[in-house]
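Undergrad: Pasting a structure below so you can have a look.
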Amino acid sequence: MKTFILAAGLLAATAATAQDLPKANLKVVGGLSNLTAYQDYEQPFWTKTIPEKSKGQVTADIKGFNEMGLKGPELLRLMSQGVVEFGTATLSYFASDNPINEAIDLAGLAPDAKTARTITEAFEPVYAKFYGEGSKVRLLGISPYPAQVLFCNAEMKGLADLKGKKVRTSSRTQAEFVEAFGGSSVTMAFGEVVPALQNKVVDCAITGSLSGYSAKWYEVSTHLLALPINWNQQIHAVNEAAWNKIDPKVREFLASNIKTLVGQIWDAAAQQTQQGYDCNTGAAACTLPVKGKMQLVVPADADKALLKTVLQEKVLPKWAARCSADCVAGFNATIGKELGLAAKK
(Lines give C-alpha, C1' and ligand atoms only; values in the text may rest on other atoms or scores of the structure.)
Protein backbone atom coordinates (compact mmCIF):
# COMPACT_ATOMS: atom_id res chain seq x y z
CA MET A 1 0.00 0.00 0.00
CA LYS A 2 2.84 2.38 0.88
CA THR A 3 4.49 1.63 -2.48
CA PHE A 4 1.24 2.44 -4.30
CA ILE A 5 0.82 5.73 -2.41
CA LEU A 6 4.43 6.70 -3.13
CA ALA A 7 4.06 5.88 -6.83
CA ALA A 8 0.81 7.84 -7.03
CA GLY A 9 2.49 10.77 -5.29
CA LEU A 10 5.37 10.75 -7.76
CA LEU A 11 2.96 10.67 -10.71
CA ALA A 12 1.00 13.56 -9.27
CA ALA A 13 4.19 15.54 -8.70
CA THR A 14 5.32 14.91 -12.28
CA ALA A 15 1.94 15.98 -13.65
CA ALA A 16 1.95 19.11 -11.50
CA THR A 17 5.46 20.00 -12.66
CA ALA A 18 4.46 19.59 -16.29
CA GLN A 19 1.32 21.66 -15.84
CA ASP A 20 3.37 24.37 -14.14
CA LEU A 21 5.25 24.93 -17.37
CA PRO A 22 4.06 27.94 -19.36
CA LYS A 23 2.99 27.31 -22.94
CA ALA A 24 5.69 27.44 -25.60
CA ASN A 25 5.78 26.57 -29.29
CA LEU A 26 9.23 26.06 -30.72
CA LYS A 27 10.56 26.09 -34.29
CA VAL A 28 13.22 23.45 -34.97
CA VAL A 29 15.36 22.77 -38.02
CA GLY A 30 16.51 19.17 -37.76
CA GLY A 31 19.08 17.01 -39.50
CA LEU A 32 18.69 15.16 -42.80
CA SER A 33 15.08 13.97 -42.84
CA ASN A 34 15.78 10.72 -44.73
CA LEU A 35 18.18 9.36 -42.11
CA THR A 36 17.43 7.30 -39.00
CA ALA A 37 18.90 9.87 -36.58
CA TYR A 38 16.09 12.21 -37.63
CA GLN A 39 13.31 9.68 -38.22
CA ASP A 40 13.84 7.49 -35.15
CA TYR A 41 15.06 10.04 -32.61
CA GLU A 42 14.94 13.72 -33.47
CA GLN A 43 11.49 14.04 -35.03
CA PRO A 44 9.69 11.84 -32.43
CA PHE A 45 11.50 13.72 -29.65
CA TRP A 46 10.14 17.11 -30.70
CA THR A 47 6.70 16.01 -31.93
CA LYS A 48 5.84 13.36 -29.28
CA THR A 49 8.22 13.21 -26.31
CA ILE A 50 8.33 16.93 -25.53
CA PRO A 51 4.53 17.49 -25.82
CA GLU A 52 3.79 14.33 -23.81
CA LYS A 53 6.25 15.08 -21.02
CA SER A 54 5.05 18.67 -20.76
CA LYS A 55 1.36 17.62 -20.81
CA GLY A 56 0.88 19.62 -23.99
CA GLN A 57 2.39 22.82 -22.64
CA VAL A 58 5.52 22.70 -24.84
CA THR A 59 5.10 21.88 -28.53
CA ALA A 60 7.42 22.07 -31.51
CA ASP A 61 7.35 22.18 -35.28
CA ILE A 62 10.30 20.42 -36.90
CA LYS A 63 11.52 19.92 -40.44
CA GLY A 64 14.81 18.49 -41.70
CA PHE A 65 17.06 21.19 -43.14
CA ASN A 66 16.87 19.51 -46.55
CA GLU A 67 13.06 19.83 -46.48
CA MET A 68 13.52 23.58 -46.15
CA GLY A 69 15.78 23.86 -49.18
CA LEU A 70 18.94 24.30 -47.11
CA LYS A 71 22.23 22.56 -47.82
CA GLY A 72 23.51 22.40 -44.24
CA PRO A 73 26.62 24.61 -44.05
CA GLU A 74 24.51 27.77 -43.62
CA LEU A 75 22.76 26.51 -40.47
CA LEU A 76 25.24 27.86 -37.93
CA ARG A 77 25.11 31.30 -39.52
CA LEU A 78 21.30 31.22 -39.57
CA MET A 79 21.22 30.21 -35.89
CA SER A 80 23.72 32.94 -35.08
CA GLN A 81 21.47 35.50 -36.79
CA GLY A 82 18.34 34.18 -35.08
CA VAL A 83 16.71 33.23 -38.39
CA VAL A 84 16.74 29.64 -37.09
CA GLU A 85 15.95 29.20 -33.39
CA PHE A 86 16.72 25.55 -32.63
CA GLY A 87 18.87 23.65 -35.10
CA THR A 88 20.80 20.44 -35.67
CA ALA A 89 23.89 20.74 -37.79
CA THR A 90 26.77 18.48 -38.73
CA LEU A 91 30.11 19.80 -37.48
CA SER A 92 31.98 18.93 -40.67
CA TYR A 93 29.85 21.49 -42.52
CA PHE A 94 31.71 24.23 -40.64
CA ALA A 95 35.25 22.89 -41.01
CA SER A 96 36.11 25.53 -43.60
CA ASP A 97 34.90 28.30 -41.25
CA ASN A 98 37.17 27.17 -38.42
CA PRO A 99 39.24 23.96 -38.07
CA ILE A 100 38.14 23.68 -34.42
CA ASN A 101 34.96 22.13 -35.84
CA GLU A 102 37.02 19.10 -36.91
CA ALA A 103 38.65 18.50 -33.54
CA ILE A 104 36.46 15.66 -32.25
CA ASP A 105 36.10 13.84 -35.55
CA LEU A 106 39.49 13.61 -37.22
CA ALA A 107 39.81 10.50 -39.40
CA GLY A 108 41.18 7.63 -37.34
CA LEU A 109 40.65 9.35 -33.98
CA ALA A 110 37.86 7.11 -32.66
CA PRO A 111 37.77 3.51 -33.92
CA ASP A 112 34.70 2.70 -31.81
CA ALA A 113 31.58 4.40 -30.41
CA LYS A 114 32.80 4.40 -26.81
CA THR A 115 35.97 6.31 -27.73
CA ALA A 116 33.99 8.72 -29.92
CA ARG A 117 31.66 9.54 -27.04
CA THR A 118 34.51 9.96 -24.55
CA ILE A 119 36.39 12.47 -26.68
CA THR A 120 33.22 14.32 -27.69
CA GLU A 121 32.21 14.83 -24.07
CA ALA A 122 35.77 15.85 -23.16
CA PHE A 123 35.82 18.57 -25.83
CA GLU A 124 32.21 19.74 -25.48
CA PRO A 125 33.01 22.57 -23.00
CA VAL A 126 35.50 23.97 -25.54
CA TYR A 127 32.78 24.05 -28.18
CA ALA A 128 30.25 25.55 -25.75
CA LYS A 129 32.58 28.48 -25.11
CA PHE A 130 33.55 28.83 -28.78
CA TYR A 131 29.97 28.99 -30.10
CA GLY A 132 28.69 31.06 -27.23
CA GLU A 133 31.32 33.76 -27.65
CA GLY A 134 31.73 33.76 -31.42
CA SER A 135 28.29 32.90 -32.78
CA LYS A 136 25.92 33.69 -29.89
CA VAL A 137 24.72 30.10 -30.15
CA ARG A 138 24.10 27.92 -27.09
CA LEU A 139 25.25 24.33 -27.43
CA LEU A 140 22.70 21.89 -26.03
CA GLY A 141 24.37 18.61 -26.98
CA ILE A 142 26.39 16.67 -29.54
CA SER A 143 25.31 13.35 -31.05
CA PRO A 144 26.78 11.01 -33.70
CA TYR A 145 25.66 9.26 -36.81
CA PRO A 146 26.58 5.58 -37.11
CA ALA A 147 30.27 5.03 -37.95
CA GLN A 148 31.45 6.58 -41.20
CA VAL A 149 32.71 3.75 -43.39
CA LEU A 150 33.71 2.99 -46.96
CA PHE A 151 31.16 1.81 -49.53
CA CYS A 152 32.84 0.77 -52.79
CA ASN A 153 31.59 -0.28 -56.19
CA ALA A 154 34.98 -1.89 -56.77
CA GLU A 155 37.17 -4.62 -55.33
CA MET A 156 38.23 -3.68 -51.81
CA LYS A 157 40.25 -5.87 -49.45
CA GLY A 158 41.58 -3.15 -47.15
CA LEU A 159 42.73 0.45 -46.87
CA ALA A 160 45.67 -0.07 -49.22
CA ASP A 161 43.17 -0.60 -52.04
CA LEU A 162 42.19 3.08 -51.84
CA LYS A 163 45.24 3.82 -53.98
CA GLY A 164 44.15 5.20 -57.34
CA LYS A 165 40.46 5.26 -56.43
CA LYS A 166 38.09 8.24 -56.59
CA VAL A 167 36.31 8.53 -53.25
CA ARG A 168 33.38 10.75 -52.26
CA THR A 169 34.20 12.43 -48.96
CA SER A 170 32.11 14.80 -46.85
CA SER A 171 34.82 16.52 -44.81
CA ARG A 172 38.35 17.81 -45.12
CA THR A 173 39.68 15.23 -42.66
CA GLN A 174 38.14 12.42 -44.72
CA ALA A 175 39.73 13.89 -47.85
CA GLU A 176 43.17 13.98 -46.22
CA PHE A 177 42.67 10.40 -45.05
CA VAL A 178 41.86 9.19 -48.57
CA GLU A 179 44.75 11.13 -50.10
CA ALA A 180 47.16 9.65 -47.54
CA PHE A 181 46.45 6.26 -49.13
CA GLY A 182 46.93 7.50 -52.69
CA GLY A 183 43.26 7.97 -53.50
CA SER A 184 41.63 11.12 -54.82
CA SER A 185 38.89 12.90 -52.89
CA VAL A 186 35.69 14.01 -54.60
CA THR A 187 33.27 16.42 -52.90
CA MET A 188 29.59 15.93 -53.66
CA ALA A 189 26.25 16.19 -51.89
CA PHE A 190 24.84 13.09 -50.19
CA GLY A 191 21.94 12.92 -52.64
CA GLU A 192 24.28 12.78 -55.64
CA VAL A 193 26.21 9.72 -54.50
CA VAL A 194 23.94 6.93 -55.81
CA PRO A 195 24.18 7.94 -59.49
CA ALA A 196 27.88 8.74 -59.04
CA LEU A 197 28.61 5.21 -57.77
CA GLN A 198 26.32 3.69 -60.36
CA ASN A 199 28.01 5.53 -63.24
CA LYS A 200 31.56 5.09 -61.86
CA VAL A 201 32.03 8.83 -61.39
CA VAL A 202 33.43 7.69 -58.05
CA ASP A 203 34.67 4.23 -57.04
CA CYS A 204 33.87 4.58 -53.34
CA ALA A 205 32.03 6.87 -50.93
CA ILE A 206 32.15 7.42 -47.18
CA THR A 207 29.04 7.75 -45.04
CA GLY A 208 27.39 6.21 -41.96
CA SER A 209 26.85 2.48 -42.32
CA LEU A 210 23.12 2.82 -41.63
CA SER A 211 22.83 6.14 -43.48
CA GLY A 212 24.15 4.40 -46.59
CA TYR A 213 21.60 1.65 -46.12
CA SER A 214 18.74 4.16 -45.71
CA ALA A 215 19.80 5.81 -48.97
CA LYS A 216 20.02 2.39 -50.73
CA TRP A 217 23.74 2.56 -51.43
CA TYR A 218 23.71 -1.25 -51.31
CA GLU A 219 22.06 -1.12 -54.76
CA VAL A 220 25.09 0.56 -56.33
CA SER A 221 27.97 -0.74 -54.16
CA THR A 222 29.62 -4.15 -53.89
CA HIS A 223 32.05 -3.89 -50.93
CA LEU A 224 31.65 -2.44 -47.41
CA LEU A 225 34.75 -1.98 -45.24
CA ALA A 226 33.73 -2.45 -41.58
CA LEU A 227 36.27 0.00 -40.19
CA PRO A 228 35.03 3.21 -38.55
CA ILE A 229 36.88 6.18 -40.02
CA ASN A 230 35.00 8.85 -38.10
CA TRP A 231 31.49 9.57 -36.70
CA ASN A 232 30.28 12.81 -38.30
CA GLN A 233 28.95 14.30 -35.07
CA GLN A 234 26.20 16.89 -35.14
CA ILE A 235 25.46 19.71 -32.73
CA HIS A 236 22.05 20.41 -31.20
CA ALA A 237 21.94 24.13 -30.53
CA VAL A 238 19.78 27.23 -30.18
CA ASN A 239 20.16 30.92 -30.84
CA GLU A 240 21.22 32.51 -27.53
CA ALA A 241 18.74 35.41 -27.70
CA ALA A 242 15.85 33.07 -28.55
CA TRP A 243 16.86 30.79 -25.67
CA ASN A 244 16.94 33.68 -23.20
CA LYS A 245 13.38 34.66 -24.16
CA ILE A 246 12.08 31.23 -23.13
CA ASP A 247 10.77 30.88 -19.57
CA PRO A 248 13.50 29.49 -17.23
CA LYS A 249 11.30 26.50 -16.31
CA VAL A 250 10.93 25.57 -19.97
CA ARG A 251 14.66 26.03 -20.54
CA GLU A 252 15.43 23.65 -17.70
CA PHE A 253 12.86 21.17 -19.02
CA LEU A 254 14.32 21.31 -22.55
CA ALA A 255 17.97 21.12 -21.50
CA SER A 256 17.32 18.03 -19.38
CA ASN A 257 15.35 16.23 -22.07
CA ILE A 258 17.77 17.11 -24.88
CA LYS A 259 20.56 15.64 -22.76
CA THR A 260 18.51 12.42 -22.56
CA LEU A 261 17.92 12.48 -26.33
CA VAL A 262 21.63 12.87 -27.04
CA GLY A 263 22.41 9.99 -24.68
CA GLN A 264 19.92 7.76 -26.48
CA ILE A 265 21.49 8.52 -29.86
CA TRP A 266 24.96 7.74 -28.47
CA ASP A 267 23.72 4.48 -26.95
CA ALA A 268 22.35 3.50 -30.35
CA ALA A 269 25.49 4.44 -32.33
CA ALA A 270 27.32 1.12 -32.02
CA GLN A 271 24.12 -0.88 -32.50
CA GLN A 272 23.15 1.10 -35.60
CA THR A 273 26.65 0.77 -37.02
CA GLN A 274 26.35 -3.02 -36.77
CA GLN A 275 22.81 -2.89 -38.15
CA GLY A 276 24.20 -1.03 -41.16
CA TYR A 277 26.81 -3.74 -41.69
CA ASP A 278 24.17 -6.48 -41.35
CA CYS A 279 21.52 -4.97 -43.60
CA ASN A 280 23.79 -3.76 -46.38
CA THR A 281 25.24 -7.26 -46.65
CA GLY A 282 22.07 -9.28 -46.09
CA ALA A 283 23.19 -10.90 -42.84
CA ALA A 284 20.65 -13.00 -40.94
CA ALA A 285 20.87 -10.54 -38.02
CA CYS A 286 19.31 -7.77 -40.15
CA THR A 287 15.80 -7.01 -38.87
CA LEU A 288 14.90 -4.45 -41.55
CA PRO A 289 12.65 -5.50 -44.45
CA VAL A 290 15.14 -5.03 -47.29
CA LYS A 291 18.51 -6.78 -47.33
CA GLY A 292 21.44 -5.76 -49.51
CA LYS A 293 23.96 -8.14 -51.05
CA MET A 294 27.21 -6.29 -50.44
CA GLN A 295 30.38 -8.09 -49.39
CA LEU A 296 31.48 -7.20 -45.84
CA VAL A 297 35.23 -6.63 -45.66
CA VAL A 298 36.38 -7.26 -42.09
CA PRO A 299 39.51 -5.17 -41.42
CA ALA A 300 42.71 -6.94 -40.55
CA ASP A 301 44.78 -5.79 -37.56
CA ALA A 302 47.14 -4.23 -40.09
CA ASP A 303 44.33 -1.98 -41.34
CA LYS A 304 43.52 -0.82 -37.81
CA ALA A 305 47.20 -0.03 -37.27
CA LEU A 306 47.32 1.82 -40.62
CA LEU A 307 44.35 3.94 -39.59
CA LYS A 308 46.14 5.00 -36.40
CA THR A 309 49.40 5.66 -38.22
CA VAL A 310 47.73 7.86 -40.84
CA LEU A 311 46.03 9.82 -38.04
CA GLN A 312 49.31 10.46 -36.22
CA GLU A 313 51.53 11.11 -39.24
CA LYS A 314 49.21 12.82 -41.73
CA VAL A 315 45.77 13.84 -40.44
CA LEU A 316 46.64 15.27 -37.00
CA PRO A 317 49.70 17.33 -38.11
CA LYS A 318 47.79 18.85 -41.04
CA TRP A 319 44.87 19.76 -38.79
CA ALA A 320 47.15 21.28 -36.13
CA ALA A 321 48.88 23.40 -38.78
CA ARG A 322 45.63 25.08 -39.78
CA CYS A 323 44.06 25.42 -36.32
CA SER A 324 44.97 28.19 -33.89
CA ALA A 325 47.40 27.75 -30.99
CA ASP A 326 44.46 27.97 -28.54
CA CYS A 327 42.58 25.35 -30.55
CA VAL A 328 45.54 22.94 -30.47
CA ALA A 329 46.04 23.58 -26.75
CA GLY A 330 42.36 22.82 -26.15
CA PHE A 331 42.71 19.56 -28.09
CA ASN A 332 45.79 18.47 -26.15
CA ALA A 333 44.20 19.28 -22.79
CA THR A 334 41.08 17.23 -23.52
CA ILE A 335 41.15 14.74 -26.39
CA GLY A 336 44.93 14.43 -26.37
CA LYS A 337 44.89 13.69 -22.66
CA GLU A 338 42.21 11.00 -23.12
CA LEU A 339 43.98 9.25 -26.01
CA GLY A 340 47.64 9.89 -25.26
CA LEU A 341 48.06 12.08 -28.37
CA ALA A 342 49.83 15.39 -28.78
CA ALA A 343 49.07 17.78 -31.63
CA LYS A 344 51.97 20.13 -32.38
CA LYS A 345 51.58 23.64 -33.70
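Residues in the C-alpha coordinates are named by chain (A, B, ... in the order shown) and by number from 1 within that chain; ligands are numbered from 1 in the order shown.
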Any idea what's packed within 9 Å of A:Tyr145, counting only C-alpha atoms, ignoring anything in its chain fewer than 5 positions away? Could you give it as a short mmCIF file (atom, residue, chain, number, x, y, z; two decimals) with N, CA and C atoms, in the first residue's frame?

TA:
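Final output, saved to out-v6.cif:
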```
data_model
loop_
_atom_site.label_atom_id
_atom_site.label_comp_id
_atom_site.auth_asym_id
_atom_site.auth_seq_id
_atom_site.Cartn_x
_atom_site.Cartn_y
_atom_site.Cartn_z
N THR A 36 18.03 7.85 -40.22
CA THR A 36 17.43 7.30 -39.00
C THR A 36 17.61 8.21 -37.79
N ALA A 37 18.69 8.97 -37.73
CA ALA A 37 18.90 9.87 -36.58
C ALA A 37 17.74 10.84 -36.47
N GLY A 208 27.76 7.10 -43.05
CA GLY A 208 27.39 6.21 -41.96
C GLY A 208 26.90 4.87 -42.51
N SER A 209 27.22 3.80 -41.82
CA SER A 209 26.85 2.48 -42.32
C SER A 209 25.34 2.34 -42.49
N LEU A 210 24.57 2.89 -41.54
CA LEU A 210 23.12 2.82 -41.63
C LEU A 210 22.56 3.92 -42.53
N SER A 211 23.24 5.06 -42.57
CA SER A 211 22.83 6.14 -43.48
C SER A 211 22.91 5.66 -44.92
N TRP A 231 32.88 9.74 -37.16
CA TRP A 231 31.49 9.57 -36.70
C TRP A 231 30.56 10.71 -37.12
N ASN A 232 31.11 11.74 -37.73
CA ASN A 232 30.28 12.81 -38.30
C ASN A 232 29.29 13.39 -37.28
N GLN A 233 29.81 13.78 -36.14
CA GLN A 233 28.95 14.30 -35.07
C GLN A 233 28.18 15.55 -35.49
N GLN A 234 27.01 15.72 -34.88
CA GLN A 234 26.20 16.89 -35.14
C GLN A 234 25.87 17.60 -33.83
N ILE A 265 20.88 8.64 -28.53
CA ILE A 265 21.49 8.52 -29.86
C ILE A 265 22.89 7.92 -29.74
N TRP A 266 23.64 8.32 -28.70
CA TRP A 266 24.96 7.74 -28.47
C TRP A 266 24.86 6.25 -28.16
N ALA A 269 24.49 4.29 -31.26
CA ALA A 269 25.49 4.44 -32.33
C ALA A 269 26.16 3.13 -32.72
N GLN A 272 23.55 0.71 -34.25
CA GLN A 272 23.15 1.10 -35.60
C GLN A 272 24.28 0.88 -36.61
N THR A 273 25.51 1.05 -36.15
CA THR A 273 26.65 0.77 -37.02
C THR A 273 26.62 -0.70 -37.44
#
```

Undergrad: For the structure I just gave you, how does DSSP split stretch 68-300 of chain A - specifically, which residues are strand (DSSP E)? Reply as number ranges by chain.

TA: A: 86-90, 137-143, 148-152, 166-169, 184-187, 204-208, 223-230, 234-239, 295-297

Undergrad: Given the choices A:Lys166, A:Lys293, A:Lys48, A:Lys23, which gets closest to A:Gly182 if the distance is worked out from only C-alpha atoms?

TA: A:Lys166

Undergrad: If you count only C-alpha atoms, which residues fall within 7 Å of stretch 341-344 of chain A, apart from same-chain ones fewer than 6 positions away, as a list in words?

TA: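 Skipping anything fewer than 6 positions along the chain leaves Leu316, Pro317, Ala320, Val328 and Asn332 of chain A.
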
Undergrad: Excluding A:Asn153 and any residue of its chain fewer than 4 positions from it, enumerate the residues within 8 Å of it, using only C-alpha atoms, and give them as a PyMOL selection string.

TA: chain A and resi 197-198+200+203-204+220-223

Undergrad: If you keep N, CA, C and O atoms, can you produce a file of those selected residues as an mmCIF file, in the first residue's frame?

TA:
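Output contents, as saved in out_5.cif:
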```cif
data_model
loop_
_atom_site.group_PDB
_atom_site.id
_atom_site.type_symbol
_atom_site.label_atom_id
_atom_site.label_comp_id
_atom_site.auth_asym_id
_atom_site.auth_seq_id
_atom_site.Cartn_x
_atom_site.Cartn_y
_atom_site.Cartn_z
ATOM 1 N N LEU A 197 28.093 6.578 -57.922
ATOM 2 C CA LEU A 197 28.611 5.212 -57.768
ATOM 3 C C LEU A 197 28.149 4.327 -58.925
ATOM 4 O O LEU A 197 28.918 3.528 -59.464
ATOM 5 N N GLN A 198 26.903 4.502 -59.293
ATOM 6 C CA GLN A 198 26.320 3.695 -60.363
ATOM 7 C C GLN A 198 27.043 3.916 -61.685
ATOM 8 O O GLN A 198 27.306 2.969 -62.441
ATOM 9 N N LYS A 200 30.101 5.140 -62.056
ATOM 10 C CA LYS A 200 31.562 5.091 -61.862
ATOM 11 C C LYS A 200 32.214 6.475 -61.903
ATOM 12 O O LYS A 200 33.383 6.619 -62.262
ATOM 13 N N ASP A 203 34.546 5.664 -57.300
ATOM 14 C CA ASP A 203 34.673 4.226 -57.036
ATOM 15 C C ASP A 203 34.127 3.871 -55.656
ATOM 16 O O ASP A 203 33.622 2.765 -55.452
ATOM 17 N N CYS A 204 34.280 4.811 -54.721
ATOM 18 C CA CYS A 204 33.873 4.583 -53.336
ATOM 19 C C CYS A 204 33.252 5.857 -52.764
ATOM 20 O O CYS A 204 33.412 6.937 -53.339
ATOM 21 N N VAL A 220 24.069 0.090 -55.380
ATOM 22 C CA VAL A 220 25.089 0.563 -56.331
ATOM 23 C C VAL A 220 26.516 0.339 -55.820
ATOM 24 O O VAL A 220 27.468 0.875 -56.369
ATOM 25 N N SER A 221 26.653 -0.452 -54.737
ATOM 26 C CA SER A 221 27.972 -0.744 -54.156
ATOM 27 C C SER A 221 28.124 -2.253 -53.993
ATOM 28 O O SER A 221 27.144 -2.969 -53.805
ATOM 29 N N THR A 222 29.354 -2.716 -54.018
ATOM 30 C CA THR A 222 29.623 -4.151 -53.886
ATOM 31 C C THR A 222 30.367 -4.512 -52.606
ATOM 32 O O THR A 222 30.199 -5.604 -52.083
ATOM 33 N N HIS A 223 31.210 -3.597 -52.089
ATOM 34 C CA HIS A 223 32.054 -3.893 -50.929
ATOM 35 C C HIS A 223 31.875 -2.845 -49.828
ATOM 36 O O HIS A 223 31.819 -1.638 -50.109
#
```

Undergrad: What lies within 12 Å of A:Thr287 using only C-alpha atoms, ignoring chain neighbours under 3 positions off, as a ChimeraX atom specification?

TA: /A:272,274-280,282-284,290-291

Undergrad: Please provide as number ranges by chain all residues within 9 Å of A:Ser92, with the sequence filter that same-chain residues fewer than 3 positions apart are discarded (counting only C-alpha atoms).

TA: A: 73, 89, 95-96, 101-102, 105, 170-173, 232-234

Undergrad: Selected residues, N, CA and C atoms, written as a PDB file, in the first residue's frame, please.

TA:
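Result file is out_18.pdb:
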```
ATOM      1  N   PRO A  73      25.550  23.740 -44.546  1.00  0.00           N
ATOM      2  CA  PRO A  73      26.622  24.607 -44.046  1.00  0.00           C
ATOM      3  C   PRO A  73      26.164  25.988 -43.577  1.00  0.00           C
ATOM      4  N   ALA A  89      22.983  20.538 -36.670  1.00  0.00           N
ATOM      5  CA  ALA A  89      23.893  20.742 -37.789  1.00  0.00           C
ATOM      6  C   ALA A  89      25.151  19.896 -37.636  1.00  0.00           C
ATOM      7  N   ALA A  95      33.792  23.078 -41.085  1.00  0.00           N
ATOM      8  CA  ALA A  95      35.247  22.890 -41.008  1.00  0.00           C
ATOM      9  C   ALA A  95      35.998  24.004 -41.735  1.00  0.00           C
ATOM     10  N   SER A  96      35.428  24.480 -42.835  1.00  0.00           N
ATOM     11  CA  SER A  96      36.114  25.531 -43.596  1.00  0.00           C
ATOM     12  C   SER A  96      36.030  26.882 -42.895  1.00  0.00           C
ATOM     13  N   ASN A 101      36.140  22.965 -35.616  1.00  0.00           N
ATOM     14  CA  ASN A 101      34.965  22.132 -35.839  1.00  0.00           C
ATOM     15  C   ASN A 101      35.313  20.700 -36.247  1.00  0.00           C
ATOM     16  N   GLU A 102      36.576  20.446 -36.556  1.00  0.00           N
ATOM     17  CA  GLU A 102      37.019  19.097 -36.914  1.00  0.00           C
ATOM     18  C   GLU A 102      37.602  18.342 -35.723  1.00  0.00           C
ATOM     19  N   ASP A 105      36.457  14.847 -34.552  1.00  0.00           N
ATOM     20  CA  ASP A 105      36.101  13.841 -35.553  1.00  0.00           C
ATOM     21  C   ASP A 105      37.156  13.666 -36.637  1.00  0.00           C
ATOM     22  N   SER A 170      33.003  13.722 -47.294  1.00  0.00           N
ATOM     23  CA  SER A 170      32.107  14.796 -46.849  1.00  0.00           C
ATOM     24  C   SER A 170      32.793  15.767 -45.897  1.00  0.00           C
ATOM     25  N   SER A 171      34.100  15.594 -45.688  1.00  0.00           N
ATOM     26  CA  SER A 171      34.822  16.518 -44.812  1.00  0.00           C
ATOM     27  C   SER A 171      36.291  16.575 -45.228  1.00  0.00           C
ATOM     28  N   ARG A 172      36.945  17.631 -44.780  1.00  0.00           N
ATOM     29  CA  ARG A 172      38.351  17.807 -45.122  1.00  0.00           C
ATOM     30  C   ARG A 172      39.209  16.693 -44.528  1.00  0.00           C
ATOM     31  N   THR A 173      38.888  16.283 -43.299  1.00  0.00           N
ATOM     32  CA  THR A 173      39.684  15.234 -42.665  1.00  0.00           C
ATOM     33  C   THR A 173      39.536  13.897 -43.396  1.00  0.00           C
ATOM     34  N   ASN A 232      31.107  11.735 -37.732  1.00  0.00           N
ATOM     35  CA  ASN A 232      30.280  12.811 -38.300  1.00  0.00           C
ATOM     36  C   ASN A 232      29.293  13.387 -37.282  1.00  0.00           C
ATOM     37  N   GLN A 233      29.810  13.783 -36.139  1.00  0.00           N
ATOM     38  CA  GLN A 233      28.950  14.296 -35.071  1.00  0.00           C
ATOM     39  C   GLN A 233      28.180  15.549 -35.489  1.00  0.00           C
ATOM     40  N   GLN A 234      27.012  15.715 -34.876  1.00  0.00           N
ATOM     41  CA  GLN A 234      26.198  16.893 -35.141  1.00  0.00           C
ATOM     42  C   GLN A 234      25.873  17.604 -33.833  1.00  0.00           C
TER      43      GLN A 234
END
```

Undergrad: Give me, as CSV, the closest atom pair and its distance (Å, one decimal) for every residue of stretch 16-46 of chain A within a cut-off of 12 Å of stretch 77-80 of chain A, counting only C-alpha atoms, rows sorted by chain and rising number.

TA:
```
residue,atom,partner,partner_atom,distance
A:Lys27,CA,A:Met79,CA,11.5
A:Val28,CA,A:Met79,CA,10.5
A:Val29,CA,A:Met79,CA,9.7
```

Undergrad: Counting only C-alpha atoms, which of A:Thr49, A:Thr90, A:Gln39, A:Asn230 gets nearest to A:Ala116?

TA: A:Asn230

Undergrad: What's around A:Val250 at 9 Å? Count only C-alpha atoms, leave out sequence neighbours fewer than 3 positions away in its own chain, and write the answer as a PyMOL selection string.

TA: chain A and resi 21-24+58+246-247+253-255

Undergrad: Could you tell me how far atom CA of A:Gly30 sits from atom CA of A:Thr88, in Å to one decimal place?

TA: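 Computing the Euclidean distance for atom CA of A:Thr88 and atom CA of A:Gly30 yields 4.9 Å.
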
Undergrad: So the first atom is atom CA of A:Cys152 and the second is atom CA of A:Thr169; what is the distance between them in Å, to one decimal place?

TA: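 That distance, rounded to one decimal, is 12.3 Å.
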